[in-house]
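*Asks:* Here it is, the structure in full.
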Amino acid sequence: MHDKTLTELKAGLLAGDFSARELAEHFLARIEARDGALNSFITVTAEQALQQADAADRAIAAGEQRLLTGLPIAHKDIFCTEGVRTSCGSRMLDNFVAPYTATVVEKMAAEGAVMLGKTNMDEFAMGSSNETSYYGPVKNPWDTSRVPGGSSGGAAASLAARLAAGSTGTDTGGSIRQPAALNNLTGLKPTYGRVSRWGMIAFASSLDQAGPLGLSAADCALMLQAMAGHDSKDSTCLDQPVDDYLAALDQNIDGLRIGVPEEFFPENLDGAIAESSHEAMRELEKQGARLVKISLPSVTLSVPAYYVIAPAEASSNLSRYDGVRFGYRCENPRDLEDLYKRSRSEGFGEEVKRRILVGTYALSAGYYDAYYKRAQKVRRLIRDEFVQAFKKVDVIMGPTTPETAFPLGAKADDPINMYMADVFTIAVNLAGLPALSMPSGFINGLPTGTQVIGNYFQEGRILNVAHRYQQATDWHKRIPGAFQ
Amino acid sequence: MAIDNQVMARVAHLARLQIDDRDGAELSRRLNDILGMVDQLQQADVDAVEPLSHPLDVSQPLRADRVEEQDLRERVLQLAPASEDGCFLVPRVIE
């Protein structure tokens with residue numbers, strides 16, 4: 001059963017080929033037997049999963065199958081879940097059980113999803129390798145000596161190893177798309193404001209967005225259909241009608257204009273990575289798409305702009321962890337100042353502290369204009385260039401990542417090199433656009449991905465492009481050998 | 001602007017983080033590397049550009065000033081490391 005997509009499992013449940021309980025038991029047994037090699041789950045919620053599965057079976061028997069009824073999903077451990085620990089990959093929240101449930105989790109549960117557990121991640125979503133987690137690194141199922149990417153590394157590894165049938169993730173600078181590319185998955189970051197951030201632990205609030213990771217574009221469409229929509233509890237969530245993503249999948253792409261930015265194919269880019277994306281675009285050309293050369297000169301400043309804006313917002317968001325109201329508190333504080341400083345220094349890991357310090361510096365008196373304000377101006381330049389480009393093209397494509405999965409530890413001591421893992425994904429977050437990564441081949445046995453960026457609220461269009469590509473190719477169907 | 005030990009100590013205090021002298025030098029070096037990378041922003045000509053905070057330039061919506069949240073005091077206080085009589089407990093501030 002684990003080799004099937006969500007879409008296939010949904011049909012199997014309706015046809016009575018297996019029950020939701022059998023499905024949940026099958027995946028729980030796989031997690032039990034196989035996750036030791038990956039460390040992709042922080043918490044497994046077997047009892048809850050079986051209860052939800054039984055409810056799903058009753059719903060199916062009553063003819064009340066909804067979008068996700070009985071489908072086994074894993075949630076990134078950044079989404080608050082009432083009654084189940086939400087750690088955000090941090091010692092700070094090792095003991096935190098939220099008194100409420102995130103809108104994303106609630107909406108998917110309302111559509112009948114079965115939650116298998118909470119997946120591992122970089123601490124507070126700050127990382128591109130899942131090595132900053134308090135719960136230890138996650139391994140890539142394609143080669144367990146390599147990283148799965150991050151920050152949604154557990155979400156991607158568990159799904160690639162077929163320990164879950166679908167996953168949620170969050171993407172602040174590439175945290176859905178980069179691990180999707182490194183694990184041969186389809187992963188979508190929606191338009192900023194398309195999905196509610198309520199109950200999703202904040203990293204950089206003007207960039208964070210939740211989205212699905214799936215085995216295909218069709219699976220992402222199914223999950224996004226359940227996740228998207230206005231939520232008055234998130235004041236940045238936009239009140240726009242939700243498109244029918246499933247209906248969009250099969251649309252004809254004859255005449256589709258694909259923008260190919262020269263900045264996404266720099267001279268020093270690995271030739272095999274470039275070729276994989278060019279080959280994907282050639283496949284779409286066969287179906288009637290047209291390639292248009294474009295230029296987005298300011299995207300070359302995405303990484304520096306991001307590494308001012310994201311740490312600045314993080315330093316503000318993470319000031320709430322003070323050892324007073326919830327989360328970790330140090331032993332025997334001398335006074336209040338000591339309580340704050342030691343609780344935070346002991347509760348946060350190195351990368352999180354680094355980013356808090358950078359952000360605090362960038363926002364401090366005398367430096368605000370030179371760093372934060374300037375970065376926000378560059379952000380507008382980047383956004384405006386995309387807006388201009390979308391007057392001429394329907395989607396923009398290029399590689400998702402500059403390289404395939406790197407060995408564990410290879411960049412752990414080199415933050416700037418690590419930051420470059422997101423060089424092609426970050427601009428999209430700064431501009432607030434929707435984008436997905438789809439599997440587009442293998443290099444030395446390791447998966448690589450191609451990114452499809454859409455205009456605002458054009459999630460249906462980019463899913464359509466990925467689906468048409470997946471109808472003509474079978475990269476996305478490959479399963480890592482050790483996890484067949 | 002380079003981060004030296006003095007700047008580091010000031011920023012760490014603002015962030016309420018405790019930095020050991022042992023780690024301070026290494027951390028300063030790392031932060032200076034990051035700021036060096038970020039300095040590429042100085043190349044951009046942004047004199048006539050307005051800062052962008054929401055990608056869709058949307059402003060915050062208003063709602064009626066009505067209480068909609070339930071009273072969660074008891075459940076929220078259970079999360080606190082220490083509480084008493086409906087309040088969060090911290091070390092004595094005033095002698």
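Labels for the structure tokens follow display order: chains A, B, ..., residues from 1 in each chain, ligands from 1.
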Using only C-alpha atoms, find the residues of chain B whose closest atom to chain A is at most 9 Å away, then write them as a count of residues only.
*Replies:* 56
*Asks:* Select from range 392-476 of chain A everything DSSP, run on the backbone, classes as strand (DSSP E or B), then give the selection as a PDB file with N, CA and C atoms, in the first residue's frame.
*Replies:*
ATOM      1  N   VAL A 395       4.733  31.166 -16.447  1.00  0.00           N
ATOM      2  CA  VAL A 395       5.481  30.580 -15.334  1.00  0.00           C
ATOM      3  C   VAL A 395       6.960  30.854 -15.558  1.00  0.00           C
ATOM      4  N   ILE A 396       7.749  30.706 -14.480  1.00  0.00           N
ATOM      5  CA  ILE A 396       9.194  30.881 -14.565  1.00  0.00           C
ATOM      6  C   ILE A 396       9.826  29.590 -14.058  1.00  0.00           C
ATOM      7  N   MET A 397      10.853  29.100 -14.770  1.00  0.00           N
ATOM      8  CA  MET A 397      11.446  27.818 -14.363  1.00  0.00           C
ATOM      9  C   MET A 397      12.968  27.880 -14.284  1.00  0.00           C
ATOM     10  N   GLY A 398      13.498  26.974 -13.478  1.00  0.00           N
ATOM     11  CA  GLY A 398      14.944  26.843 -13.321  1.00  0.00           C
ATOM     12  C   GLY A 398      15.201  25.730 -12.316  1.00  0.00           C
ATOM     13  N   PRO A 399      16.470  25.476 -11.978  1.00  0.00           N
ATOM     14  CA  PRO A 399      16.753  24.440 -10.986  1.00  0.00           C
ATOM     15  C   PRO A 399      16.237  24.875  -9.607  1.00  0.00           C
ATOM     16  N   PRO A 407      26.810  15.477   1.831  1.00  0.00           N
ATOM     17  CA  PRO A 407      27.034  14.577   2.970  1.00  0.00           C
ATOM     18  C   PRO A 407      26.739  15.267   4.302  1.00  0.00           C
ATOM     19  N   ALA A 435       5.405  28.701  -5.676  1.00  0.00           N
ATOM     20  CA  ALA A 435       6.386  27.953  -6.469  1.00  0.00           C
ATOM     21  C   ALA A 435       6.403  26.515  -5.990  1.00  0.00           C
ATOM     22  N   LEU A 436       6.735  25.612  -6.903  1.00  0.00           N
ATOM     23  CA  LEU A 436       6.881  24.217  -6.506  1.00  0.00           C
ATOM     24  C   LEU A 436       8.179  23.664  -7.053  1.00  0.00           C
ATOM     25  N   SER A 437       8.622  22.570  -6.444  1.00  0.00           N
ATOM     26  CA  SER A 437       9.740  21.811  -6.987  1.00  0.00           C
ATOM     27  C   SER A 437       9.220  20.449  -7.395  1.00  0.00           C
ATOM     28  N   MET A 438       9.622  20.001  -8.585  1.00  0.00           N
ATOM     29  CA  MET A 438       9.198  18.675  -9.051  1.00  0.00           C
ATOM     30  C   MET A 438      10.432  17.862  -9.425  1.00  0.00           C
ATOM     31  N   PRO A 439      10.372  16.527  -9.219  1.00  0.00           N
ATOM     32  CA  PRO A 439      11.515  15.687  -9.562  1.00  0.00           C
ATOM     33  C   PRO A 439      11.825  15.788 -11.056  1.00  0.00           C
ATOM     34  N   SER A 440      13.116  15.988 -11.411  1.00  0.00           N
ATOM     35  CA  SER A 440      13.441  16.096 -12.835  1.00  0.00           C
ATOM     36  C   SER A 440      14.651  15.272 -13.215  1.00  0.00           C
ATOM     37  N   GLY A 441      14.990  14.264 -12.414  1.00  0.00           N
ATOM     38  CA  GLY A 441      16.068  13.364 -12.812  1.00  0.00           C
ATOM     39  C   GLY A 441      16.990  13.029 -11.665  1.00  0.00           C
ATOM     40  N   PHE A 442      18.059  12.281 -12.012  1.00  0.00           N
ATOM     41  CA  PHE A 442      19.022  11.834 -11.008  1.00  0.00           C
ATOM     42  C   PHE A 442      20.431  12.141 -11.481  1.00  0.00           C
ATOM     43  N   ILE A 443      21.292  12.495 -10.518  1.00  0.00           N
ATOM     44  CA  ILE A 443      22.704  12.711 -10.820  1.00  0.00           C
ATOM     45  C   ILE A 443      23.488  11.818  -9.864  1.00  0.00           C
ATOM     46  N   LEU A 446      21.423  10.380  -7.123  1.00  0.00           N
ATOM     47  CA  LEU A 446      20.721  11.288  -6.204  1.00  0.00           C
ATOM     48  C   LEU A 446      19.730  12.155  -6.976  1.00  0.00           C
ATOM     49  N   PRO A 447      18.531  12.337  -6.393  1.00  0.00           N
ATOM     50  CA  PRO A 447      17.495  13.100  -7.101  1.00  0.00           C
ATOM     51  C   PRO A 447      17.814  14.592  -7.230  1.00  0.00           C
ATOM     52  N   THR A 448      17.271  15.184  -8.270  1.00  0.00           N
ATOM     53  CA  THR A 448      17.373  16.632  -8.444  1.00  0.00           C
ATOM     54  C   THR A 448      16.005  17.162  -8.862  1.00  0.00           C
ATOM     55  N   GLY A 449      15.772  18.441  -8.610  1.00  0.00           N
ATOM     56  CA  GLY A 449      14.439  18.998  -8.859  1.00  0.00           C
ATOM     57  C   GLY A 449      14.471  20.245  -9.708  1.00  0.00           C
ATOM     58  N   THR A 450      13.344  20.500 -10.346  1.00  0.00           N
ATOM     59  CA  THR A 450      13.177  21.724 -11.125  1.00  0.00           C
ATOM     60  C   THR A 450      12.054  22.548 -10.505  1.00  0.00           C
ATOM     61  N   GLN A 451      12.297  23.856 -10.426  1.00  0.00           N
ATOM     62  CA  GLN A 451      11.334  24.748  -9.791  1.00  0.00           C
ATOM     63  C   GLN A 451      10.407  25.375 -10.845  1.00  0.00           C
ATOM     64  N   VAL A 452       9.134  25.448 -10.513  1.00  0.00           N
ATOM     65  CA  VAL A 452       8.155  26.132 -11.352  1.00  0.00           C
ATOM     66  C   VAL A 452       7.528  27.234 -10.497  1.00  0.00           C
ATOM     67  N   ILE A 453       7.735  28.489 -10.906  1.00  0.00           N
ATOM     68  CA  ILE A 453       7.231  29.640 -10.147  1.00  0.00           C
ATOM     69  C   ILE A 453       6.033  30.217 -10.874  1.00  0.00           C
ATOM     70  N   GLY A 454       4.981  30.540 -10.134  1.00  0.00           N
ATOM     71  CA  GLY A 454       3.785  31.105 -10.761  1.00  0.00           C
ATOM     72  C   GLY A 454       3.528  32.525 -10.305  1.00  0.00           C
TER      73      GLY A 454
END
*Asks:* Between CA of Gln471 in chain A and CA of Ser276 in chain A, what is the spacing in Å?
*Replies:* 17.1 Å
*Asks:* Give me, as a ChimeraX atom specification, all polymer residues having an atom no more than 12 Å from Ala59 in chain A, counting only C-alpha atoms and skipping those fewer than 6 positions away in the same chain.
*Replies:* /A:13-14,19-20,52-53,65-70,110-113
*Asks:* Put those residues in a file: C-alpha atoms, as an mmCIF file, in the first residue's frame.
*Replies:*
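Listed below is the output, part16.cif:
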data_model
loop_
_atom_site.group_PDB
_atom_site.id
_atom_site.type_symbol
_atom_site.label_atom_id
_atom_site.label_comp_id
_atom_site.auth_asym_id
_atom_site.auth_seq_id
_atom_site.Cartn_x
_atom_site.Cartn_y
_atom_site.Cartn_z
ATOM 1 C CA LEU A 13 -10.322 3.221 0.233
ATOM 2 C CA LEU A 14 -13.489 4.071 -1.670
ATOM 3 C CA SER A 19 -9.674 -0.036 5.215
ATOM 4 C CA ALA A 20 -8.342 3.215 6.668
ATOM 5 C CA GLN A 52 -8.969 8.885 13.243
ATOM 6 C CA ALA A 53 -8.711 5.873 10.910
ATOM 7 C CA GLN A 65 -15.831 10.401 2.061
ATOM 8 C CA ARG A 66 -14.238 13.837 2.076
ATOM 9 C CA LEU A 67 -11.063 15.197 0.431
ATOM 10 C CA LEU A 68 -8.578 13.365 2.673
ATOM 11 C CA THR A 69 -10.698 10.747 4.447
ATOM 12 C CA GLY A 70 -8.489 7.974 5.809
ATOM 13 C CA ALA A 110 -11.834 18.159 9.091
ATOM 14 C CA GLU A 111 -11.327 16.684 5.613
ATOM 15 C CA GLY A 112 -10.689 13.295 7.198
ATOM 16 C CA ALA A 113 -6.868 13.108 7.257
#
*Asks:* Could you check how far CA of Glu283 in chain A sits from CA of Arg468 in chain A, in Å to one decimal?
*Replies:* 9.5 Å
*Asks:* Based on the backbone DSSP call, show me all residues of chain B assigned alpha helix (DSSP H), as an NGL selection string.
*Replies:* :B and (5-14 or 21-38 or 73-77)
*Asks:* Would you please work out which residue, of A:Leu23, A:Val195, A:Cys220, A:Ile78, is nearest to Ser152 in chain A when using only C-alpha atoms?
*Replies:*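 With only C-alpha atoms as the atom set, the closest residue is A:Ile78.
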*Asks:* Could you state the separation of CA of Val260 in chain A and CA of Ile426 in chain A in Å, given to one decimal place?
*Replies:*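 Value for the CA of Val260 in chain A-CA of Ile426 in chain A distance: 16.8 Å.
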*Asks:* If we count only C-alpha atoms, what is near range 114-124 of chain A at a cut-off of 7 Å, once residues fewer than 4 positions away on the same chain are taken out, given as a tab-separated table (two decimals) with C-alpha atoms, in the first residue's frame?
*Replies:*
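This went into around.tsv:
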chain	number	residue	atom	x	y	z
A	40	SER	CA	12.38	11.52	10.44
A	41	PHE	CA	9.74	11.55	13.19
A	42	ILE	CA	10.00	13.38	16.53
A	43	THR	CA	6.66	12.06	17.80
A	44	VAL	CA	4.51	9.20	16.48
A	45	THR	CA	0.82	9.45	17.38
A	46	ALA	CA	-0.27	5.83	16.87
A	49	ALA	CA	-4.05	7.80	14.17
A	52	GLN	CA	-8.97	8.89	13.24
A	53	ALA	CA	-8.71	5.87	10.91
A	70	GLY	CA	-8.49	7.97	5.81
A	71	LEU	CA	-5.26	9.22	4.21
A	72	PRO	CA	-2.16	8.93	6.44
A	73	ILE	CA	-0.40	12.30	6.71
A	74	ALA	CA	2.59	13.47	8.76
A	75	HIS	CA	2.72	17.04	10.06
A	76	LYS	CA	5.92	19.02	10.47
A	77	ASP	CA	6.56	19.56	14.18
A	88	CYS	CA	9.76	22.95	16.64
A	89	GLY	CA	12.97	20.89	16.75
A	90	SER	CA	14.16	22.83	19.81
A	109	ALA	CA	-8.42	16.73	9.99
A	130	ASN	CA	18.00	19.22	9.14
A	131	GLU	CA	21.21	19.11	11.15
A	132	THR	CA	20.24	21.87	13.61
A	133	SER	CA	17.42	19.83	15.21
A	134	TYR	CA	17.67	19.23	18.97
A	150	GLY	CA	15.76	21.38	5.38
A	151	SER	CA	14.11	22.75	7.19
A	152	SER	CA	11.27	20.31	6.40
A	153	GLY	CA	13.80	17.46	6.30
A	154	GLY	CA	11.76	14.98	8.34
A	155	ALA	CA	8.68	15.68	6.24
A	203	PHE	CA	10.22	32.16	12.25
*Asks:* Please determine, counting only C-alpha atoms, which residue among B:Asn5, B:Ala64, B:Gly36, B:Asp71 has the shortest atom-to-atom distance to Asp21 in chain B.
*Replies:*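 Ranked by minimum distance to Asp21 in chain B, first place goes to B:Asn5.
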*Asks:* Excluding same-chain residues fewer than 2 positions from Gly460 in chain A, what lies within 12 Å of it counting only C-alpha atoms, as number ranges by chain?
*Replies:* A: 188, 190-191, 217-218, 220-222, 224-225, 228, 242-251, 394-395, 434-436, 452-458, 462-467
